[in-house]
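Data block below; observations after.
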Amino acid sequence: MSTHSPFVGSHPFSTADKTIFYGRADESTALSGLWRDRPLIVLHGPAGVGKTSLLRAGVLPMLGPASDVEVLPIGRPALRADLPLAALDLNPFTFALLSSWYPDEPPARISGSSIHDLVRRKCRTTPRGDPIPVLAAIDQIDLLFPTAGRRDRHRRRFVEELIEATATTRHGLGGVHLLIAVRTENLDALLGLFVQAGLPTDSVVEFPLNAFDPDAACQAVRGPLDGIDHPLATSARQLVEELAAGDAAVDPALLQIVCGRLWDAVPSGSRDAIELLPTVVDHVLGDHCRQALATVAREHGRLPHVLSTWFRDLFARGHATGIVEGRVTTHDLPNSVMRALEDMRLLEADQCSGERRYRLRQARLRPAIRRLDASAGDAPRPVRPRLAAAEAAFTAGELELARHRAKAVAADPTASARQRAAAECLLGTIAYDEGRPRLATKHYEAAAGAYGALGDTAHVGMLFAAVGRLRIGDGTPEAVNSLLAALTRLPGDPFVKTALAHALWYAGRTQAAIAVLDDALSQDGGTPEALRLRGELLADLDEAEPALRDLDRVNYGDRISSLAAWALAKKTYEGVGPPETEERRLVNDAADSGPVLLRVARVLRLEGDADTAADLAERAVKARRPPLPRHLRKEAERLMVERLR
């Protein structure tokens with residue numbers, strides 16, 4: 001048909017689709033009102049129920065260009081492909097969220113900012129000087145939950161920052177009104193993180209989003225067809241009843257998929273296909289199942305016909321209690337495959353009594369699944385690689401899937417040069433996360449060349465900084481020389497200067513490192529990373545007062561090296577160290593970090609605990625991620641010797 005389809009198919013609605021978004025008028029009105037009035041709202045529902053669509057096409061258009069509130073773009077915590085994590089010790093979730101809320105803010109400014117500080121700095125004020133409330137939304141926060149055991153410290157601090165950002169609003173002083181969208185199966189986990197962060201349980205307003213009732217489903221079909229002569233306009237009720245198949249509700253995602261296919265397949269004025277609606281719906285849903293299974297199989301290295309047969313055998317029958325997810329695998333397949341099938345709108349999940357269970361998304365899929373044959377899905381419809389999908393997989397800790405998706409984007413001739421450069425950067429970060437510095441360096445250098453061709457010096461600087469830090473493992477002279485060469489190309493770049501100072505410190509040239517940081521801060525006294533690193537180095541030198549002055553100006557949040565430096569400076573300057581619980585947390589989070597272990601050891605020695613300090617100093621000498629700089633070994637050895645006295 002020549003007319004553009006009024007149905008979005010398998011994609012969520014965007015703000016531009018507001019004129020074809022129907023069936024959620026009541027929810028849009030209620031949620032936009034709550035967002036204005038309450039500090040923290042959690043929108044929850046199963047995958048594909050339409051949370052993203054409600055935010056984009058329902059709630060945001062209702063707010064419009066309001067003058068009494070500041071509405072930020074919808075944010076997401078997915079780790080950005082174009083951020084080389086090897087360049088900086090930062091909270092990637094915080095950086096990703098702030099970058100999506102403030103896309104025009106320089107990365108050097110975002111990298112050291114807390115959520116509360118940056119929002120406060122950027123918010124507008126009334127003519128009387130009062131801050132204008134900021135309405136901020138976060139979508140896809142579910143990406144945080146599969147990362148347990150990998151980025152727990154970052155996740156914990158990220159949630160603490162969210163709570164801090166809403167604190168003034170909860171006390172009636174304006175500030176941030178936060179709206180978070182989460183899948184229902186992750187709701188309890190999210191609320192649990194809020195409680196751990198000290199948030200009163202009655203501070204959260206829950207807003208459930210359910211599947212369509214039949215009337216809302218009919219509106220979703222008829223509304224976009226107003227004034228269009230198409231058989232769906234007069235057969236909406238029949239289609240809804242066919243899709244419901246006896247259920248009390250209609251799946252919004254499947255409804256859009258079926259309507260989109262019928263729009264393409266049924267010409268205007270035709271009635272034949274509508275008269276054979278059950279058969280047509282069977283065909284459409286069967287094709288959806290085959291394509292979805294083939295796509296999941298291809299991305300996860302499985303044979304399409306094997307996955308289709310497995311899926312048919314397991315879900316063609318009814319499972320009243322659902323399929324219980326195993327610790328690593330579920331019915332002989334990795335859990336990542338099960339979650340992908342949920343994302344592809346074939347399964348739905350729920351969480352109960354600590355168990356995650358999967359069920360068929362809608363009963364109407366069952367006849368189509370029974371007809372899956374051995375050749376099902378052998379020729380999947382081509383799907384254009386998406387960088388966002390690679391970012392999501394990396395955030396969720398699915399490194400092999402993230403690598404596969406990033407490689408697909410990097411090799412895609414239809415992708416933009418910027419997308420291919422970001423994919424190359426993500427491949428470097430994946431290698432860095434796996435402990436493969438040489439491969440990471442190779443990808444980062446390729447990405448730097450691609451960004452250089454685009455004239456994007458900010459990204460080139462970050463990538464040079466990442467390569468320089470990685471080369472410290474090859475010997476600090478190589479790292480210093482590499483960063484000095486980078487600085488001749490980008491003389492004012494804050495990332496390169498900070499990385500050079502870091503390399504100089506590792507080479508034992510602490511005063512030279514501080515001089516480089518002084519120079520960087522003379523150009524921009526608010527560069528967070530330069531302030532943070534200078535504060536750490538000054539703390540090591542027992543220059544406690546200026547160290548605290550630098551560290552108190554930045555958000556070091558969950559950056560364990562800065563926390564340990566602050567504790568050392570505080571103890572040295574004021575004689576007051578962190579509470580015992582905080583000391584234990586520093587030691588636990590330090591893991592295998594030589595500099596952090598030594599700083600905590602020095603704090604304990606100042607408190608008179610020579611034995612524990614000696615134990616930590618010994619661990620610092622043996623640490624490898626990162627190792628203790630050679631010039632600090634004498635201090636560690638001195639603490640170790642004191643145990644023998």
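As shown in the structure tokens, the chain order sets the letters A, B, ...; within each chain, residues go from 1, and ligands are also counted from 1 in the order they appear.
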Show which residues sit within 9 Å of A:Gly526, as a list of chain:residue names. Count only C-alpha atoms, and ignore same-chain residues fewer than 6 positions away.
->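 Returned residues: A:Arg109, A:Arg553, A:Val554.
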With N, CA and C atoms retained, write the just-selected residues as a PDB file, in the first residue's frame.
```pdb
ATOM      1  N   ARG A 109      32.676  16.923  31.467  1.00  0.00           N
ATOM      2  CA  ARG A 109      31.886  17.491  32.551  1.00  0.00           C
ATOM      3  C   ARG A 109      30.983  16.438  33.197  1.00  0.00           C
ATOM      4  N   ARG A 553      35.125  18.748  46.044  1.00  0.00           N
ATOM      5  CA  ARG A 553      34.508  19.492  44.937  1.00  0.00           C
ATOM      6  C   ARG A 553      33.919  18.579  43.867  1.00  0.00           C
ATOM      7  N   VAL A 554      34.140  17.289  43.982  1.00  0.00           N
ATOM      8  CA  VAL A 554      33.691  16.392  42.917  1.00  0.00           C
ATOM      9  C   VAL A 554      32.849  15.259  43.503  1.00  0.00           C
TER      10      VAL A 554
END
```
DSSP on the backbone: what in stretch 37-76 of chain A comes out strand (DSSP E or B), as a PyMOL selection string?
-> chain A and resi 40-45+70-71+75
Restricting the calculation to only C-alpha atoms, which member of A:Gly326, A:Ala57, A:Asn335, A:Ile560 is positioned closest to A:Arg585?
->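 The shortest atom-to-atom distance to A:Arg585 comes from A:Ile560.
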Pick out the residues sitting within 8 Å of A:Ala569, and hand them over as a PyMOL selection string; count only C-alpha atoms, and ignore anything fewer than 3 positions along from it in its own chain.
-> chain A and resi 539+542-545+547-548+565-566+572-573
Find the residues near A:Arg312: any atom within 10 Å, counting only C-alpha atoms, skip ones fewer than 3 places away on the same chain, and give them as a ChimeraX atom specification.
-> /A:306-309,315-317,366,368-373
Distance of atom CA of A:Ala408 from atom CA of A:Gly48, expressed in Å to one decimal place = 24.8 Å
By how many Å are atom CA of A:Gly301 and atom CA of A:Met338 apart?
->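 If I compute the distance from atom CA of A:Gly301 to atom CA of A:Met338, I get 13.8 Å.
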Shell around A:Ala292 at 10 Å using only C-alpha atoms, local window under 5 positions removed, as a VMD selection string = chain A and resid 286 to 287 297 to 298 304 308 340 to 341 343 to 346 377 380 to 381
For stretch 66-74 of chain A: contacts at 8 Å, only C-alpha atoms, fewer than 3 positions along chain excluded, given as a PDB file with N, CA, C and O atoms, in the first residue's frame:
```
ATOM      1  N   ARG A  56       6.646   7.792  25.769  1.00  0.00           N
ATOM      2  CA  ARG A  56       7.002   8.612  24.610  1.00  0.00           C
ATOM      3  C   ARG A  56       5.795   9.244  23.928  1.00  0.00           C
ATOM      4  O   ARG A  56       5.788  10.444  23.631  1.00  0.00           O
ATOM      5  N   LEU A  63       2.583  16.736  28.444  1.00  0.00           N
ATOM      6  CA  LEU A  63       3.308  17.774  29.179  1.00  0.00           C
ATOM      7  C   LEU A  63       3.646  18.950  28.287  1.00  0.00           C
ATOM      8  O   LEU A  63       3.629  20.102  28.723  1.00  0.00           O
ATOM      9  N   SER A 100      22.282  10.626  28.390  1.00  0.00           N
ATOM     10  CA  SER A 100      21.016  10.573  27.668  1.00  0.00           C
ATOM     11  C   SER A 100      20.090  11.715  28.073  1.00  0.00           C
ATOM     12  O   SER A 100      19.292  12.196  27.275  1.00  0.00           O
ATOM     13  N   TRP A 101      20.205  12.166  29.317  1.00  0.00           N
ATOM     14  CA  TRP A 101      19.418  13.328  29.738  1.00  0.00           C
ATOM     15  C   TRP A 101      19.974  14.628  29.169  1.00  0.00           C
ATOM     16  O   TRP A 101      19.219  15.541  28.844  1.00  0.00           O
ATOM     17  N   TYR A 102      21.300  14.719  29.074  1.00  0.00           N
ATOM     18  CA  TYR A 102      21.952  15.955  28.608  1.00  0.00           C
ATOM     19  C   TYR A 102      22.907  15.621  27.457  1.00  0.00           C
ATOM     20  O   TYR A 102      24.132  15.629  27.633  1.00  0.00           O
ATOM     21  N   CYS A 123      19.411  22.991  35.893  1.00  0.00           N
ATOM     22  CA  CYS A 123      17.988  23.323  35.955  1.00  0.00           C
ATOM     23  C   CYS A 123      17.776  24.836  35.873  1.00  0.00           C
ATOM     24  O   CYS A 123      18.624  25.635  36.275  1.00  0.00           O
ATOM     25  N   ARG A 124      16.605  25.207  35.342  1.00  0.00           N
ATOM     26  CA  ARG A 124      16.239  26.620  35.220  1.00  0.00           C
ATOM     27  C   ARG A 124      15.597  27.110  36.517  1.00  0.00           C
ATOM     28  O   ARG A 124      15.186  26.324  37.359  1.00  0.00           O
ATOM     29  N   ILE A 132      13.001  25.457  39.058  1.00  0.00           N
ATOM     30  CA  ILE A 132      11.844  24.875  38.368  1.00  0.00           C
ATOM     31  C   ILE A 132      11.929  23.360  38.487  1.00  0.00           C
ATOM     32  O   ILE A 132      12.988  22.772  38.243  1.00  0.00           O
ATOM     33  N   PRO A 133      10.843  22.692  38.896  1.00  0.00           N
ATOM     34  CA  PRO A 133      10.886  21.231  39.033  1.00  0.00           C
ATOM     35  C   PRO A 133      11.339  20.553  37.739  1.00  0.00           C
ATOM     36  O   PRO A 133      10.980  20.973  36.642  1.00  0.00           O
ATOM     37  N   VAL A 134      12.136  19.519  37.903  1.00  0.00           N
ATOM     38  CA  VAL A 134      12.671  18.765  36.773  1.00  0.00           C
ATOM     39  C   VAL A 134      11.968  17.409  36.718  1.00  0.00           C
ATOM     40  O   VAL A 134      11.992  16.648  37.693  1.00  0.00           O
ATOM     41  N   LEU A 135      11.337  17.106  35.585  1.00  0.00           N
ATOM     42  CA  LEU A 135      10.700  15.810  35.380  1.00  0.00           C
ATOM     43  C   LEU A 135      11.658  14.934  34.580  1.00  0.00           C
ATOM     44  O   LEU A 135      11.978  15.237  33.435  1.00  0.00           O
ATOM     45  N   ALA A 136      12.139  13.883  35.216  1.00  0.00           N
ATOM     46  CA  ALA A 136      13.152  13.020  34.608  1.00  0.00           C
ATOM     47  C   ALA A 136      12.648  11.581  34.607  1.00  0.00           C
ATOM     48  O   ALA A 136      12.176  11.086  35.627  1.00  0.00           O
ATOM     49  N   ALA A 137      12.753  10.917  33.459  1.00  0.00           N
ATOM     50  CA  ALA A 137      12.294   9.528  33.333  1.00  0.00           C
ATOM     51  C   ALA A 137      13.465   8.629  32.975  1.00  0.00           C
ATOM     52  O   ALA A 137      14.397   9.036  32.272  1.00  0.00           O
ATOM     53  N   ILE A 138      13.402   7.392  33.471  1.00  0.00           N
ATOM     54  CA  ILE A 138      14.398   6.371  33.145  1.00  0.00           C
ATOM     55  C   ILE A 138      13.674   5.155  32.600  1.00  0.00           C
ATOM     56  O   ILE A 138      12.802   4.598  33.265  1.00  0.00           O
ATOM     57  N   ASP A 139      14.030   4.756  31.400  1.00  0.00           N
ATOM     58  CA  ASP A 139      13.471   3.554  30.788  1.00  0.00           C
ATOM     59  C   ASP A 139      14.540   2.458  30.784  1.00  0.00           C
ATOM     60  O   ASP A 139      15.736   2.746  30.871  1.00  0.00           O
TER      61      ASP A 139
END
```
Looking at A:Gly608, A:Thr19, A:Pro595, A:Lys442, which one is nearest to A:Asp226, with distances taken over only C-alpha atoms?
->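 The shortest atom-to-atom distance to A:Asp226 comes from A:Thr19.
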Tell me which protein, DNA and RNA residues are within 8 Å of stretch 75-86 of chain A, counting only C-alpha atoms, leaving out same-chain ones fewer than 5 positions away, and put them as JSON, numbers by chain.
-> {"A": [92, 93, 94, 96, 97, 98, 100, 101, 136, 137, 138, 139, 140, 141, 143, 144, 387, 390, 391, 392, 394, 395, 421, 422, 423, 425, 426, 428, 429, 432, 444, 459, 462, 463, 466, 467, 469, 470]}
